[in-house]
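These notes are about the structure you will find just below.
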2 protein chains.
Amino acid sequence: MRTWELSVPLDEASPTPLFVQIARALAEDIRRGRLKPGAPLPGSRALAATLRVHRNTILAAYQELEAQGWISTVPARGTFVSSALPDVELTAPAHSARARSLDFVGFPLESPLESREPEEFPRGALVLVGGTPDVRLLPVEVLARAWRRAFKLGGQRLLDYAGPQGHPRLRTALANMLASVRGLAATPESLLVTRGSQGALYLAARALVRPGERVAVEALGYRPAWEALRSVGAQLVPVPVDGEGIRVDRLEAVGVRQGLRAVYLTPHHQYPTTVTLSPARRLALLAWARAAGVAIIEDDYDHEFHYDGRPVLPLASADRDNVVIYVGTLSKVLAPGLRVGFLFAPLPFIQRAASIRAIVDRQGDLVAEYALAELLEEGELQRHVRKMRGIYLSRRDALVEALRGELPGGLEFSVPAGGMTLWAHCAPGLDAAAWVERAQEAGVWFSHGGQYTFDGQPFPAVRLGFASLKESELREAVRRMARLRPRR
Amino acid sequence: MRTWELSVPLDEASPTPLFVQIARALAEDIRRGRLKPGAPLPGSRALAATLRVHRNTILAAYQELEAQGWISTVPARGTFVSSALPDVELTAPAHSARARSLDFVGFPLESPLESREPEEFPRGALVLVGGTPDVRLLPVEVLARAWRRAFKLGGQRLLDYAGPQGHPRLRTALANMLASVRGLAATPESLLVTRGSQGALYLAARALVRPGERVAVEALGYRPAWEALRSVGAQLVPVPVDGEGIRVDRLEAVGVRQGLRAVYLTPHHQYPTTVTLSPARRLALLAWARAAGVAIIEDDYDHEFHYDGRPVLPLASADRDNVVIYVGTLSKVLAPGLRVGFLFAPLPFIQRAASIRAIVDRQGDLVAEYALAELLEEGELQRHVRKMRGIYLSRRDALVEALRGELPGGLEFSVPAGGMTLWAHCAPGLDAAAWVERAQEAGVWFSHGGQYTFDGQPFPAVRLGFASLKESELREAVRRMARLRPRR
């Protein structure tokens, strides 16, 4: 055996265990060719003595290297650098994998799909984009505890393969909640737990629509739902909304003229205008859908947030003809990053959607589902919602007051009865898109009407999310908005 | 105010908090009409005295009921049953939501997609179906600790909206692992974290294939991948496999004749036959794909499990022309239920796949991604793999020994050099499908060749997963298999 010494000094103070440091140094020497394939390595005792570490440390390092394929042990003969190394560089140095450019593809490829709102904002920005909860108020401790209990109580069973429909305990808890608070005839069998409401919308679209079929949508409306529908080949038909929600008369006319497979809508607080679908239109919509055999996809994304004491029941609670596919989510209630939503629908639909789910990603995250079930059963989730509702109500009022004080005559709006956003029409001459752009430079982010129109045309309104900012932050945001309002 | 008393006795010993019990009892009375809309409720002091509980308990119960919309508080006047109740039964008792049948749908609907292998087996069954890890050996404690740390260190940031590509820390850890152990030129930007390998296959299929395009697959092969490809409209073209893996010569012939968009294969251990694609075919395949502009989807589902000291590098490590889309997973390594896999591919492909992911379910589970990143960085995952590899190796040997002892001449097989399954050809006259069926009645579950053929025709072979059973269990399973072997 040639003389050989480790080229990297060991650092006892490092958080990286010594055996890992040794393994890395050896691998690096093999990679560089200082140790050739087939070369013998020193015995563990000898190397331990050389490096002044415990022999077990060397054994652990060798085990690590063997696991990675760098070395192999031949019983009674010793330890050797592997003849077939897990590294292409040694055999093909001219075509080192590390140096390869990943900027092109060797086969034809379409472009990425159109992107959505930015997911990241500059540090310190005052963000009024979207109806998102205030992550600073998330009950991280409560969640951490629930997950710990799920691992402890659910154990191995939660880490195994499972059916695609979601953990039965969560479906039971959701069914109870939907039956007692939202008037839905939900059972565990009629629920499919999904990855947030986006996951629910995608699966519903995929289960329902064949390429070329027409689906009516609200316009102004919710673009990510349109994208989900378009991605499965739906032809979207925009239907206008007014102060009572979607124009059901226009929907009927479209249905007669063009034939419709489904209609997607947000009846609780229309997205983005926040109006609630009127009782008369609810009845008309259900009657029409039944007669026409058209599916209604009801997106009840913010059911929990109403401030004026008048919760409106979902369309699905009055659906006696099984035409409604109901989409709900816990993301707005708890934390956007948790991605737990659900579909409630007649059993044949749930079975079809579940069979598609098995292909898309096989099954949900059972640990999360188990943890959330417990939070629902124990009322923790409900308590959190109640607390948030009080906070969001104060924030809504602070925003309203600031707008009235700082922008008199600039915006016209109704105080939203629920939800996490305020929708305001701009006074004549106030260019909403230009305003949004100028405000961004001053660190204030909000949305303008043109982001919700079907054809991308400008629309003289702004959408202001108030849930994720403190009252003082909202006042500051409105002050800057007022200062930067573009004048003709 | 009329006299009114709670109709449900309170149970101090129940795990349900008293305030929840009181809230439920009140809601039930409202639901039954014993308390009418608009009716005043007793003051919290009075009710606390009546029920002999602390006043805070009543206040909590009222808050709960108010949150759910059952009651409302009018400042300086008192608490009243809401005039608009969250329950349809009161206004439309004849059409109670609870009684509704969910067995039909009110619009046309296609059937569920074809189902896969059963996800649940009878209690006590000896399951040799599929190459699944032994859930009894999962490091639940290690996982629980990692999740706890993720909540503690990652906090609110992990619960917010984020980009679709996966947590940067996990992508960095994966890139390091792939570069050092698998010879891949991976960077964090070239990785998309997915929901297991099934999620990766679905996104890859969706990003690549337009309806009607042809994709070659191994036959015998992996049905869930076929389903993912079919679900996006691919026309599958079966290509035979032999003792060196997929027949690349036949692939070339198909490509010339029919045109191909992509080929899906499992070169490390062909699914289900476990053979490793030979070096000559690897080179031929890459050269052909480059020349033809055909994408290679390489499913490296069990890279970690090789027993005979010769890790074979992925095709992607030798891909200098960016034709390979590489699919990997941590599900087999750690726990099937965790659903963390990844795509490694050239940047334009990753960008397109990420844009589709945003529509399918928006983003991954950042808490899980953060926790797994730490387990990778600290070598915990690698240590677990090493431990499992030793165990699985012993189990493989036990299965081989049992088969040789109990079924001499019944099965012909090579000892698998890696993976978690053994593939064995049946002696002439031994009906594999009938055998599987008889064995199930004796509590032994395994798979037969016909489950992997493209056309569903019988194939005289069996597939035996050895990773999830102890050696004694494997011996018992083989004893029963031998006893129940059908004779002509």
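Following the order of the structure tokens, first chain is A, next is B, and so on, with residues numbered from 1 inside each chain and ligands from 1 in the order they appear.
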
For Gly379 of chain B, work out the shell of residues within 12 Å, counting only C-alpha atoms and skipping chain neighbours fewer than 5 positions away, then give it as a tab-separated table (two decimals) with all heavy atoms, in the first residue's frame.
```tsv
chain	number	residue	atom	x	y	z
A	16	THR	N	-20.81	19.08	11.63
A	16	THR	CA	-20.77	17.87	10.82
A	16	THR	C	-20.01	16.78	11.58
A	16	THR	O	-18.87	16.99	11.98
A	16	THR	CB	-20.03	18.14	9.49
A	16	THR	OG1	-20.64	19.26	8.86
A	16	THR	CG2	-20.10	16.94	8.56
A	17	PRO	N	-20.65	15.62	11.80
A	17	PRO	CA	-19.98	14.56	12.56
A	17	PRO	C	-18.64	14.21	11.93
A	17	PRO	O	-18.47	14.29	10.71
A	17	PRO	CB	-20.96	13.39	12.47
A	17	PRO	CG	-22.27	13.98	12.11
A	17	PRO	CD	-22.00	15.23	11.35
A	19	PHE	N	-17.29	11.36	11.41
A	19	PHE	CA	-17.28	10.26	10.43
A	19	PHE	C	-17.72	10.76	9.06
A	19	PHE	O	-17.26	10.28	8.03
A	19	PHE	CB	-18.11	9.07	10.93
A	19	PHE	CG	-19.58	9.18	10.69
A	19	PHE	CD1	-20.16	8.67	9.53
A	19	PHE	CD2	-20.41	9.80	11.62
A	19	PHE	CE1	-21.53	8.75	9.31
A	19	PHE	CE2	-21.77	9.88	11.42
A	19	PHE	CZ	-22.33	9.36	10.26
A	20	VAL	N	-18.62	11.76	9.06
A	20	VAL	CA	-19.05	12.33	7.77
A	20	VAL	C	-17.91	13.13	7.14
A	20	VAL	O	-17.66	13.04	5.94
A	20	VAL	CB	-20.31	13.22	7.97
A	20	VAL	CG1	-20.68	13.91	6.66
A	20	VAL	CG2	-21.48	12.40	8.48
A	21	GLN	N	-17.19	13.86	7.98
A	21	GLN	CA	-16.04	14.61	7.46
A	21	GLN	C	-15.01	13.66	6.82
A	21	GLN	O	-14.48	13.93	5.74
A	21	GLN	CB	-15.36	15.40	8.59
A	21	GLN	CG	-16.22	16.51	9.18
A	21	GLN	CD	-15.45	17.31	10.24
A	21	GLN	OE1	-14.30	17.68	10.03
A	21	GLN	NE2	-16.09	17.58	11.36
A	23	ALA	N	-15.60	10.60	5.66
A	23	ALA	CA	-16.17	9.99	4.45
A	23	ALA	C	-16.07	10.95	3.27
A	23	ALA	O	-15.70	10.58	2.16
A	23	ALA	CB	-17.62	9.58	4.70
A	24	ARG	N	-16.39	12.22	3.54
A	24	ARG	CA	-16.34	13.21	2.45
A	24	ARG	C	-14.93	13.38	1.92
A	24	ARG	O	-14.70	13.48	0.71
A	24	ARG	CB	-16.86	14.56	2.95
A	24	ARG	CG	-18.37	14.60	3.03
A	24	ARG	CD	-18.84	16.02	3.27
A	24	ARG	NE	-20.26	15.99	3.64
A	24	ARG	CZ	-20.85	16.89	4.42
A	24	ARG	NH1	-20.15	17.90	4.92
A	24	ARG	NH2	-22.14	16.80	4.69
A	60	ALA	N	-17.82	3.80	10.82
A	60	ALA	CA	-19.02	4.52	10.35
A	60	ALA	C	-18.75	5.21	9.02
A	60	ALA	O	-19.58	5.20	8.11
A	60	ALA	CB	-19.46	5.54	11.40
A	61	ALA	N	-17.55	5.79	8.90
A	61	ALA	CA	-17.20	6.46	7.64
A	61	ALA	C	-17.15	5.45	6.49
A	61	ALA	O	-17.67	5.69	5.40
A	61	ALA	CB	-15.85	7.17	7.79
A	64	GLU	N	-20.60	4.43	5.49
A	64	GLU	CA	-21.22	5.49	4.70
A	64	GLU	C	-20.72	5.43	3.25
A	64	GLU	O	-21.50	5.48	2.30
A	64	GLU	CB	-20.85	6.85	5.32
A	64	GLU	CG	-21.59	8.03	4.76
A	64	GLU	CD	-23.00	8.14	5.32
A	64	GLU	OE1	-23.22	7.71	6.47
A	64	GLU	OE2	-23.88	8.61	4.59
A	65	LEU	N	-19.41	5.29	3.10
A	65	LEU	CA	-18.83	5.25	1.76
A	65	LEU	C	-19.28	4.01	1.00
A	65	LEU	O	-19.52	4.05	-0.21
A	65	LEU	CB	-17.29	5.28	1.85
A	65	LEU	CG	-16.70	6.62	2.28
A	65	LEU	CD1	-15.24	6.46	2.65
A	65	LEU	CD2	-16.85	7.65	1.15
A	67	ALA	N	-22.12	2.46	1.51
A	67	ALA	CA	-23.53	2.67	1.17
A	67	ALA	C	-23.65	3.51	-0.09
A	67	ALA	O	-24.55	3.32	-0.90
A	67	ALA	CB	-24.24	3.37	2.32
A	68	GLN	N	-22.70	4.45	-0.25
A	68	GLN	CA	-22.78	5.32	-1.42
A	68	GLN	C	-22.09	4.70	-2.64
A	68	GLN	O	-22.11	5.28	-3.72
A	68	GLN	CB	-22.14	6.68	-1.10
A	68	GLN	CG	-22.91	7.46	-0.04
A	68	GLN	CD	-22.29	8.82	0.21
A	68	GLN	OE1	-21.38	9.24	-0.50
A	68	GLN	NE2	-22.81	9.51	1.22
B	142	VAL	N	-37.59	9.57	14.29
B	142	VAL	CA	-36.71	10.49	13.54
B	142	VAL	C	-37.53	11.48	12.74
B	142	VAL	O	-37.25	12.68	12.70
B	142	VAL	CB	-35.78	9.67	12.61
B	142	VAL	CG1	-35.02	10.58	11.66
B	142	VAL	CG2	-34.82	8.82	13.43
B	173	ALA	N	-30.28	20.17	-1.21
B	173	ALA	CA	-29.83	18.90	-0.63
B	173	ALA	C	-29.94	17.76	-1.65
B	173	ALA	O	-29.06	16.91	-1.76
B	173	ALA	CB	-30.65	18.57	0.62
B	174	LEU	N	-31.03	17.76	-2.42
B	174	LEU	CA	-31.19	16.73	-3.45
B	174	LEU	C	-30.13	16.87	-4.53
B	174	LEU	O	-29.55	15.88	-4.99
B	174	LEU	CB	-32.59	16.82	-4.08
B	174	LEU	CG	-33.75	16.30	-3.24
B	174	LEU	CD1	-35.09	16.65	-3.92
B	174	LEU	CD2	-33.66	14.78	-3.04
B	176	ASN	N	-27.15	18.10	-4.29
B	176	ASN	CA	-25.87	17.61	-3.77
B	176	ASN	C	-25.83	16.09	-3.76
B	176	ASN	O	-24.83	15.48	-4.16
B	176	ASN	CB	-25.65	18.13	-2.35
B	176	ASN	CG	-25.36	19.61	-2.34
B	176	ASN	OD1	-24.99	20.18	-3.37
B	176	ASN	ND2	-25.56	20.25	-1.20
B	177	MET	N	-26.91	15.49	-3.31
B	177	MET	CA	-26.97	14.02	-3.26
B	177	MET	C	-26.87	13.44	-4.67
B	177	MET	O	-26.09	12.50	-4.91
B	177	MET	CB	-28.29	13.61	-2.59
B	177	MET	CG	-28.47	12.13	-2.36
B	177	MET	SD	-29.34	11.33	-3.74
B	177	MET	CE	-31.05	11.73	-3.36
B	372	LEU	N	-37.38	17.05	5.36
B	372	LEU	CA	-36.60	16.08	4.60
B	372	LEU	C	-35.24	16.64	4.20
B	372	LEU	O	-34.24	15.91	4.15
B	372	LEU	CB	-37.38	15.62	3.37
B	372	LEU	CG	-38.59	14.74	3.68
B	372	LEU	CD1	-39.44	14.51	2.45
B	372	LEU	CD2	-38.14	13.41	4.28
B	373	ALA	N	-35.21	17.93	3.91
B	373	ALA	CA	-33.92	18.56	3.57
B	373	ALA	C	-32.95	18.37	4.73
B	373	ALA	O	-31.79	17.99	4.54
B	373	ALA	CB	-34.11	20.05	3.27
B	374	GLU	N	-33.43	18.60	5.94
B	374	GLU	CA	-32.55	18.45	7.10
B	374	GLU	C	-32.10	17.01	7.27
B	374	GLU	O	-30.93	16.75	7.56
B	374	GLU	CB	-33.26	18.95	8.35
B	374	GLU	CG	-32.29	19.24	9.46
B	374	GLU	CD	-32.95	19.89	10.67
B	374	GLU	OE1	-33.45	19.15	11.54
B	374	GLU	OE2	-32.95	21.12	10.74
B	384	HIS	N	-30.50	5.55	7.31
B	384	HIS	CA	-31.67	4.68	7.29
B	384	HIS	C	-31.61	3.73	6.08
B	384	HIS	O	-31.90	2.54	6.19
B	384	HIS	CB	-32.94	5.52	7.26
B	384	HIS	CG	-34.19	4.70	7.21
B	384	HIS	ND1	-34.58	3.90	8.27
B	384	HIS	CD2	-35.11	4.50	6.25
B	384	HIS	CE1	-35.71	3.27	7.95
B	384	HIS	NE2	-36.05	3.62	6.73
B	385	VAL	N	-31.22	4.28	4.94
B	385	VAL	CA	-31.11	3.46	3.74
B	385	VAL	C	-30.10	2.33	3.95
B	385	VAL	O	-30.35	1.17	3.61
B	385	VAL	CB	-30.67	4.30	2.52
B	385	VAL	CG1	-30.23	3.41	1.36
B	385	VAL	CG2	-31.78	5.23	2.09
B	386	ARG	N	-28.97	2.68	4.55
B	386	ARG	CA	-27.94	1.66	4.76
B	386	ARG	C	-28.46	0.54	5.63
B	386	ARG	O	-28.26	-0.64	5.36
B	386	ARG	CB	-26.72	2.32	5.41
B	386	ARG	CG	-25.45	1.56	5.25
B	386	ARG	CD	-24.25	2.38	5.64
B	386	ARG	NE	-24.42	2.95	6.96
B	386	ARG	CZ	-24.30	4.25	7.26
B	386	ARG	NH1	-24.03	5.11	6.30
B	386	ARG	NH2	-24.45	4.67	8.48
```

Residue list (alpha helix (DSSP H), DSSP) for segment 164-368 of chain A, as a PyMOL selection string: chain A and resi 168-182+196-208+223-231+248-258+279-292+347-360+366-368

Which of A:Gly183, A:Gly43, A:Gly456, A:Pro486 sits closest to chain B [using only C-alpha atoms]: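 Once distances to chain B are computed over only C-alpha atoms, the minimum belongs to A:Gly183.
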
Polymer residues at most 10 Å from Asp397 of chain A, only C-alpha atoms, same-chain spacing of 6 or more positions, as a PyMOL selection string: chain A and resi 403+415-416+466+471

List as a ChimeraX atom specification the protein and nucleic acid residues near segment 123-140 of chain A, meaning an atom at most 7 Å away when only C-alpha atoms are counted, but skip any in the same chain fewer than 5 places from it. /A:332,334-335,420-421,443-447,464-469,477 /B:151,155-156,160

Please determine, counting only C-alpha atoms, which residue among A:Tyr370, A:Gly390, A:Leu484, A:Ala358 has the shortest atom-to-atom distance to Leu170 of chain A.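 Answer, going by the shortest atom-to-atom distance: A:Tyr370.
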
Residues within 7 Å of segment 231-241 of chain B, please, as a list of chain:residue names. Count only C-alpha atoms; anything in the same chain fewer than 3 positions from it doesn't count.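 That gives B:Ala205, B:Arg206, B:Val209, B:Arg210, B:Pro211, B:Gly212, B:Glu213, B:Arg214, B:Val215, B:Ala216, B:Val217, B:Glu218, B:Ala219, B:Leu220, B:Glu227, B:Ala228, B:Gly245, B:Ile246, B:Arg247, B:Arg250, B:Leu251, B:Phe454.
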